[in-house]
>>> print(open('protein_32.tsv').read())   # TSV, C-alpha atoms
chain	number	residue	atom	x	y	z
N	247	MET	CA	20.99	-5.94	31.66
N	248	ASN	CA	24.64	-6.73	32.34
N	249	THR	CA	23.82	-9.73	34.45
N	250	ASN	CA	22.10	-11.22	31.46
N	251	GLY	CA	24.42	-13.76	29.83
N	252	ILE	CA	23.53	-12.81	26.30
N	253	ALA	CA	23.81	-9.09	26.68
N	254	SER	CA	27.10	-9.24	28.58
N	255	ASN	CA	28.72	-10.73	25.51
N	256	PRO	CA	29.95	-7.50	23.95
N	257	ALA	CA	29.60	-8.53	20.34
N	258	PHE	CA	26.18	-9.99	20.66
N	259	GLY	CA	25.01	-7.23	22.94
N	260	LYS	CA	25.82	-4.68	20.32
N	261	ILE	CA	23.82	-6.42	17.65
N	262	PHE	CA	21.00	-6.87	20.06
N	263	ASP	CA	20.95	-3.17	20.84
N	264	GLU	CA	21.20	-2.25	17.24
N	265	LEU	CA	18.24	-4.35	16.37
N	266	PHE	CA	16.08	-3.34	19.24
N	267	ASN	CA	16.80	0.34	19.38
N	268	ARG	CA	15.66	0.75	15.83
N	269	SER	CA	12.19	0.47	14.49
N	270	ILE	CA	11.43	-2.60	12.50
N	271	SER	CA	10.88	-0.45	9.45
N	272	ASP	CA	14.53	0.62	9.57
N	273	ILE	CA	15.52	-2.97	9.04
N	274	ILE	CA	12.93	-4.51	6.79
N	275	GLY	CA	12.03	-1.32	4.98
N	276	THR	CA	8.58	0.13	4.93
N	277	ASP	CA	6.92	-1.79	2.19
N	278	PHE	CA	3.45	-0.98	3.34
N	279	THR	CA	1.55	2.24	3.15
N	280	THR	CA	0.39	4.02	6.28
N	281	GLU	CA	-3.07	5.42	5.81
N	282	SER	CA	-4.00	6.32	9.35
N	283	PRO	CA	-2.24	9.39	10.74
N	284	SER	CA	-0.39	9.33	14.04
N	285	VAL	CA	-1.85	11.25	16.94
N	286	ASN	CA	-0.46	12.94	20.03
N	287	ILE	CA	-2.70	14.02	22.86
N	288	ILE	CA	-1.40	16.65	25.24
N	289	GLU	CA	-3.15	17.52	28.46
N	290	THR	CA	-2.77	20.99	29.88
N	291	ASP	CA	-4.42	22.51	32.94
N	292	GLU	CA	-7.04	24.08	30.71
N	293	SER	CA	-7.57	21.67	27.86
N	294	PHE	CA	-6.74	18.61	25.81
N	295	GLU	CA	-4.90	19.17	22.56
N	296	ILE	CA	-5.16	16.47	19.93
N	297	GLU	CA	-2.45	16.67	17.27
N	298	VAL	CA	-3.14	14.72	14.10
N	299	ALA	CA	-0.10	14.33	11.87
N	300	ALA	CA	-1.71	14.49	8.45
N	301	PRO	CA	0.79	16.24	6.18
N	302	GLY	CA	0.09	17.26	2.62
N	303	LEU	CA	-3.57	18.12	3.02
N	304	THR	CA	-5.37	21.44	3.13
N	305	LYS	CA	-7.82	22.82	5.67
N	306	LYS	CA	-10.85	22.01	3.58
N	307	ASP	CA	-10.00	18.30	3.34
N	308	PHE	CA	-10.79	17.71	7.00
N	309	ASP	CA	-14.05	17.02	8.70
N	310	ILE	CA	-14.38	17.22	12.46
N	311	SER	CA	-17.62	16.07	13.97
N	312	LEU	CA	-19.03	15.33	17.35
N	313	ILE	CA	-21.41	12.44	17.74
N	314	LYS	CA	-22.61	12.04	21.29
N	315	ASP	CA	-19.38	11.83	23.28
N	316	HIS	CA	-17.19	10.87	20.34
N	317	LEU	CA	-15.00	13.25	18.43
N	318	ILE	CA	-14.45	12.04	14.90
N	319	ILE	CA	-11.64	13.51	12.85
N	320	SER	CA	-11.63	12.47	9.24
N	321	ALA	CA	-10.34	13.52	5.86
N	322	ASP	CA	-11.42	12.77	2.38
N	323	ARG	CA	-9.40	14.44	-0.29
N	324	LYS	CA	-10.88	14.09	-3.73
N	325	THR	CA	-8.57	13.90	-6.68
N	326	GLU	CA	-8.91	17.16	-8.54
N	327	ALA	CA	-10.11	17.15	-12.12
N	328	GLY	CA	-7.21	16.88	-14.52
N	329	GLU	CA	-4.95	15.52	-11.80
N	330	SER	CA	-3.45	12.36	-13.16
N	331	ALA	CA	-2.53	9.46	-10.92
N	332	PRO	CA	1.22	9.56	-10.37
N	333	THR	CA	3.48	6.59	-10.85
N	334	PHE	CA	4.66	5.61	-7.39
N	335	LYS	CA	8.13	4.14	-7.10
N	336	ARG	CA	7.67	4.00	-3.36
N	337	LYS	CA	4.62	4.74	-1.28
N	338	GLU	CA	4.94	4.75	2.49
N	339	TYR	CA	2.12	7.12	3.36
N	340	ASP	CA	-1.22	8.19	2.02
N	341	TYR	CA	-3.37	10.32	4.30
N	342	LYS	CA	-5.95	11.28	1.70
N	343	LYS	CA	-8.73	9.33	3.33
N	344	PHE	CA	-8.88	8.39	6.99
N	345	SER	CA	-10.99	8.57	10.09
N	346	ARG	CA	-9.96	8.50	13.71
N	347	LYS	CA	-12.28	8.51	16.61
N	348	PHE	CA	-11.82	9.61	20.22
N	349	ARG	CA	-14.10	9.23	23.14
N	350	LEU	CA	-14.22	12.45	25.09
N	351	PRO	CA	-14.24	12.27	28.85
N	352	ASN	CA	-17.05	13.92	30.83
N	353	THR	CA	-14.63	16.55	32.02
N	354	VAL	CA	-14.54	18.45	28.73
N	355	ASP	CA	-16.75	21.13	27.32
N	356	LYS	CA	-18.03	19.67	24.04
N	357	GLU	CA	-19.03	23.10	22.75
N	358	SER	CA	-15.45	24.29	22.94
N	359	VAL	CA	-13.89	22.23	20.13
N	360	LYS	CA	-11.53	24.36	18.05
N	361	ALA	CA	-9.15	23.34	15.29
N	362	LYS	CA	-6.40	24.71	13.11
N	363	TYR	CA	-4.12	23.20	10.47
N	364	ASP	CA	-0.49	24.24	10.39
N	365	LEU	CA	2.74	22.62	9.17
N	366	GLY	CA	0.87	19.45	8.31
N	367	ILE	CA	-0.59	19.01	11.78
N	368	LEU	CA	-4.26	19.39	12.57
N	369	ARG	CA	-4.56	20.68	16.15
N	370	VAL	CA	-7.88	20.13	17.80
N	371	THR	CA	-8.35	21.76	21.19
N	372	VAL	CA	-11.07	20.74	23.59
N	373	ASP	CA	-11.39	22.81	26.76
N	374	LYS	CA	-11.95	21.21	30.11
N	375	THR	CA	-15.09	22.11	32.01
N	376	PRO	CA	-14.57	24.81	34.66
N	377	GLU	CA	-14.91	22.15	37.38
N	378	ALA	CA	-12.20	19.97	35.82
N	379	LYS	CA	-9.62	22.69	35.30
N	380	GLU	CA	-6.62	22.32	37.49
N	381	LYS	CA	-6.75	24.94	40.18
N	382	GLY	CA	-3.63	26.45	41.60
N	383	PRO	CA	-2.85	26.09	45.29
N	384	ARG	CA	-4.98	28.36	47.40
N	385	THR	CA	-4.99	29.41	50.98
N	386	ILE	CA	-8.07	29.02	53.06
N	387	GLU	CA	-8.71	31.75	55.51
N	388	ILE	CA	-9.40	30.75	59.08
N	389	ASN	CA	-12.29	32.71	60.41
B	103	MET	CA	-27.07	-8.28	10.34
B	104	HIS	CA	-27.61	-10.76	13.14
B	105	THR	CA	-28.61	-9.25	16.47
B	106	SER	CA	-25.58	-10.49	18.38
B	107	GLN	CA	-23.36	-9.28	15.58
B	108	LYS	CA	-24.97	-5.89	15.76
B	109	ARG	CA	-24.46	-5.80	19.48
B	110	ARG	CA	-20.83	-6.71	19.08
B	111	ALA	CA	-20.34	-4.04	16.44
B	112	HIS	CA	-21.96	-1.53	18.72
B	113	ARG	CA	-19.74	-2.52	21.60
B	114	ALA	CA	-16.61	-2.32	19.47
B	115	ASN	CA	-17.73	1.05	18.26
B	116	ARG	CA	-18.31	2.33	21.74
B	117	ASN	CA	-14.90	1.27	22.94
B	118	ASN	CA	-13.01	2.49	19.96
B	119	GLY	CA	-11.34	5.60	21.32
B	120	PHE	CA	-8.37	6.74	23.27
B	121	PHE	CA	-10.32	7.55	26.37
B	122	ALA	CA	-12.22	4.30	26.27
B	123	PRO	CA	-11.27	1.89	29.00
B	124	GLY	CA	-10.22	-1.70	28.78
B	125	PHE	CA	-9.94	-3.95	25.84
B	126	GLY	CA	-11.22	-1.59	23.20
B	127	ASN	CA	-8.40	0.73	24.01
B	128	ILE	CA	-5.76	-1.90	23.40
B	129	ILE	CA	-7.28	-2.92	20.10
B	130	ASN	CA	-7.48	0.68	19.02
B	131	GLU	CA	-3.90	1.24	19.97
B	132	ILE	CA	-2.68	-1.78	18.07
B	133	LEU	CA	-4.71	-1.02	14.99
B	134	ASN	CA	-3.75	2.60	14.94
B	135	SER	CA	-0.07	2.43	15.73
B	136	PRO	CA	2.66	1.81	13.24
B	137	LEU	CA	3.82	-1.80	13.22
B	138	ASN	CA	7.18	-1.07	14.82
B	139	GLU	CA	5.57	0.34	17.95
B	140	VAL	CA	3.52	-2.76	18.43
B	141	VAL	CA	6.47	-5.06	17.83
B	142	THR	CA	8.99	-3.34	20.09
B	143	ASP	CA	6.36	-2.74	22.74
B	144	LYS	CA	7.79	0.56	23.91
B	145	PRO	CA	7.00	4.10	22.96
B	146	LYS	CA	9.45	5.36	20.41
B	147	LYS	CA	11.20	8.58	21.21
B	148	HIS	CA	11.40	9.67	17.63
B	149	THR	CA	9.54	8.84	14.50
B	150	TYR	CA	11.19	7.62	11.35
B	151	PRO	CA	9.68	9.82	8.64
B	152	GLN	CA	7.87	8.22	5.75
B	153	ALA	CA	8.70	8.86	2.14
B	154	ASN	CA	6.86	8.61	-1.13
B	155	VAL	CA	8.69	8.63	-4.43
B	156	ILE	CA	7.04	9.25	-7.75
B	157	SER	CA	8.53	9.34	-11.18
B	158	GLN	CA	7.40	12.10	-13.50
B	159	ASP	CA	8.90	13.00	-16.89
B	160	GLY	CA	12.39	11.84	-16.04
B	161	THR	CA	12.34	13.45	-12.58
B	162	TYR	CA	12.03	11.65	-9.31
B	163	ILE	CA	9.90	13.48	-6.78
B	164	LEU	CA	10.60	12.49	-3.21
B	165	SER	CA	8.02	13.56	-0.63
B	166	LEU	CA	9.07	13.22	2.97
B	167	ALA	CA	6.32	13.51	5.58
B	168	ILE	CA	7.66	15.57	8.48
B	169	PRO	CA	4.67	17.31	10.02
B	170	GLY	CA	5.32	19.96	12.65
B	171	VAL	CA	8.93	20.50	11.63
B	172	ALA	CA	10.08	24.06	10.90
B	173	LYS	CA	11.74	24.68	7.55
B	174	GLU	CA	14.89	26.12	9.15
B	175	ASP	CA	15.45	22.96	11.18
B	176	VAL	CA	15.74	20.68	8.18
B	177	SER	CA	19.02	20.12	6.42
B	178	ILE	CA	19.44	18.42	3.09
B	179	ASN	CA	22.85	17.20	2.16
B	180	ILE	CA	24.20	15.49	-0.93
B	181	GLU	CA	27.48	13.72	-0.72
B	182	LYS	CA	28.55	11.65	-3.66
B	183	ASN	CA	25.39	9.76	-4.44
B	184	LYS	CA	23.84	9.86	-1.03
B	185	LEU	CA	21.03	12.24	-0.20
B	186	THR	CA	20.59	12.81	3.53
B	187	ILE	CA	17.72	14.70	5.11
B	188	LYS	CA	17.86	15.42	8.81
B	189	SER	CA	16.72	17.49	11.72
B	190	GLU	CA	18.43	17.64	15.08
B	191	VAL	CA	16.19	19.66	17.30
B	192	GLU	CA	16.79	19.07	20.98
B	193	GLU	CA	13.43	19.51	22.48
B	194	ASN	CA	12.87	20.25	26.10
B	195	THR	CA	9.20	20.02	26.64
B	196	ASP	CA	7.45	19.22	29.86
B	197	ALA	CA	4.14	18.81	28.09
B	198	LYS	CA	2.02	16.09	29.56
B	199	TYR	CA	1.40	13.57	26.81
B	200	ARG	CA	-1.63	11.36	27.25
B	201	LEU	CA	-0.82	9.67	23.95
B	202	ARG	CA	2.29	10.04	21.88
B	203	GLU	CA	2.51	8.40	18.51
B	204	PHE	CA	4.83	10.79	16.71
B	205	ASN	CA	7.79	13.06	17.28
B	206	TYR	CA	9.73	14.39	14.31
B	207	ALA	CA	12.07	16.69	16.27
B	208	LYS	CA	15.06	14.52	15.53
B	209	PHE	CA	15.35	12.28	12.51
B	210	GLU	CA	17.67	11.27	9.73
B	211	ARG	CA	16.85	9.54	6.49
B	212	ALA	CA	19.22	8.80	3.68
B	213	PHE	CA	18.65	7.71	0.11
B	214	ASN	CA	21.10	6.35	-2.38
B	215	LEU	CA	20.74	8.11	-5.69
B	216	SER	CA	21.29	6.27	-8.92
B	217	ASP	CA	24.12	7.25	-11.25
B	218	ASP	CA	21.86	8.98	-13.75
B	219	VAL	CA	20.78	11.63	-11.25
B	220	ASP	CA	21.66	15.21	-12.06
B	221	THR	CA	22.84	16.17	-8.57
B	222	ASP	CA	23.46	19.80	-9.53
B	223	ASN	CA	19.82	20.43	-10.23
B	224	ILE	CA	18.13	18.99	-7.19
B	225	SER	CA	15.61	21.39	-5.69
B	226	ALA	CA	13.40	21.34	-2.64
B	227	LYS	CA	10.27	22.95	-1.24
B	228	PHE	CA	8.43	22.55	2.00
B	229	GLU	CA	4.67	22.82	2.32
B	230	ASN	CA	2.09	21.58	4.83
B	231	GLY	CA	4.53	19.27	6.55
B	232	VAL	CA	5.74	17.65	3.35
B	233	LEU	CA	9.28	18.21	2.14
B	234	THR	CA	9.30	17.74	-1.62
B	235	ILE	CA	12.62	17.17	-3.33
B	236	SER	CA	12.82	17.12	-7.11
B	237	ILE	CA	15.60	14.96	-8.41
B	238	PRO	CA	16.10	15.23	-12.15
B	239	THR	CA	17.88	12.56	-14.11
B	240	VAL	CA	20.15	13.08	-17.09
B	241	GLU	CA	19.89	11.17	-20.32
B	242	GLU	CA	22.38	8.44	-20.00
B	243	ALA	CA	24.94	8.41	-22.75
B	244	GLY	CA	24.54	5.19	-24.68
B	245	PRO	CA	27.43	2.78	-25.01
B	246	GLN	CA	30.01	4.37	-27.19
B	247	LYS	CA	30.92	2.60	-30.34
B	248	VAL	CA	34.51	2.56	-31.37
B	249	GLU	CA	35.02	2.28	-35.05
B	250	ILE	CA	37.74	0.02	-36.21
B	251	ALA	CA	39.89	1.97	-38.51
>>> encode(input="protein_32.tsv", output="structure tokens")
Amino acid sequence: MNTNGIASNPAFGKIFDELFNRSISDIIGTDFTTESPSVNIIETDESFEIEVAAPGLTKKDFDISLIKDHLIISADRKTEAGESAPTFKRKEYDYKKFSRKFRLPNTVDKESVKAKYDLGILRVTVDKTPEAKEKGPRTIEIN
Amino acid sequence: MHTSQKRRAHRANRNNGFFAPGFGNIINEILNSPLNEVVTDKPKKHTYPQANVISQDGTYILSLAIPGVAKEDVSINIEKNKLTIKSEVEENTDAKYRLREFNYAKFERAFNLSDDVDTDNISAKFENGVLTISIPTVEEAGPQKVEIA
């Protein structure tokens, strides 16, 4: 980085860093609405855990279905009767209606899908098949 | 639908998933990631939380989306007319992420409040990953008229 002519100029380098270490939304503002929730997938020895960041919903708004080897996580929150549409001054997110789809690998047990909703995150756990689970080191006896 | 179109739709459908290999995966990643991740082309360590603001009967209601964050980790500070919401959790996880699109452990977002805000009566609640801050406004005193004696 320092051998680069542009970045070695201290003043310019600073601006450069400032621009590039920040997300574009920090600079231009987020004038669009995100409707698809972000997802983390964590692999453990035993399972895959899919975390869907969908804050502001309730358990009953979600639908999790399995179609062949696809796991489909969706939400469709209906506006409740008597609930008036609010006047948005700024709207950066809206997770009321979305669908995300994941192809499951062959190494998971499709019957094992479990889910819970806590702190605005839907956690879907899919266990690995017994064959795919990471086995600890073992010693083989010599007969 | 035309047959080739149908085939293409089917193919796109089949590849649309995280575990799908090849091209479909890239498309899915681009379509599903926030713009900034695509533009900077590197995984972001932390996520900038999104905010909605609605106006209701003279009160602004700010909803900050911070899923997975514990209530005790969030601090809300008002200094002069600046409202700052932050969390500074140092996380030491060795979890193996196969995909990481969000991380709200550490963030800071600040808002400038207008002069008509009643800063003494700001209140907050936290539910299902959404921090809701009610910011009431006071009736602005109209321009005072000075009578000429």
>>> closest_residue(input="protein_32.tsv", among="B:Glu249, B:Asp159, B:Asp220, B:Glu190", to="chain N", atoms="all atoms listed in the file")
B:Asp159
>>> interface_residues(input="protein_32.tsv", of="chain N", to="chain B", cutoff="7 Å", atoms="all atoms listed in the file", output="ChimeraX atom specification")
/N:269-271,282,284-290,299,301-303,332-339,347-351,364-367
>>> residues_near_point(input="protein_32.tsv", point="(23.7, 9.1, -12.8)", cutoff="9 Å", atoms="all atoms listed in the file", output="ChimeraX atom specification")
/B:183,215-221,239-242
>>> atom_distance(input="protein_32.tsv", atom1="atom CA of Arg323 of chain N", atom2="atom CA of Ala361 of chain N")
17.9 Å
>>> closest_residue(input="protein_32.tsv", among="N:Asp340, N:Arg346, N:Asp291, N:Ser320", to="Phe278 of chain N", atoms="only C-alpha atoms")
N:Asp340
>>> atom_distance(input="protein_32.tsv", atom1="atom CA of Val298 of chain N", atom2="atom CA of Val370 of chain N")
8.1 Å
>>> residues_around(input="protein_32.tsv", residues="Val372 of chain N", least_positions_apart="3", cutoff="6 Å", atoms="only C-alpha atoms", output="number ranges by chain")
N: 293-294, 358-359
>>> write_last_selection(input="protein_32.tsv", atoms="C-alpha atoms", output="short mmCIF file (atom, residue, chain, number, x, y, z; two decimals), keeping the file's coordinate frame")
data_model
loop_
_atom_site.label_atom_id
_atom_site.label_comp_id
_atom_site.auth_asym_id
_atom_site.auth_seq_id
_atom_site.Cartn_x
_atom_site.Cartn_y
_atom_site.Cartn_z
CA SER N 293 -7.57 21.67 27.86
CA PHE N 294 -6.74 18.61 25.81
CA SER N 358 -15.45 24.29 22.94
CA VAL N 359 -13.89 22.23 20.13
#
>>> atom_distance(input="protein_32.tsv", atom1="atom CA of Pro238 of chain B", atom2="atom CA of Glu210 of chain B")
22.3 Å
>>> closest_residue(input="protein_32.tsv", among="B:Ala212, B:Asp196, B:Ser189, B:Asp222", to="Ile237 of chain B", atoms="all atoms listed in the file")
B:Asp222
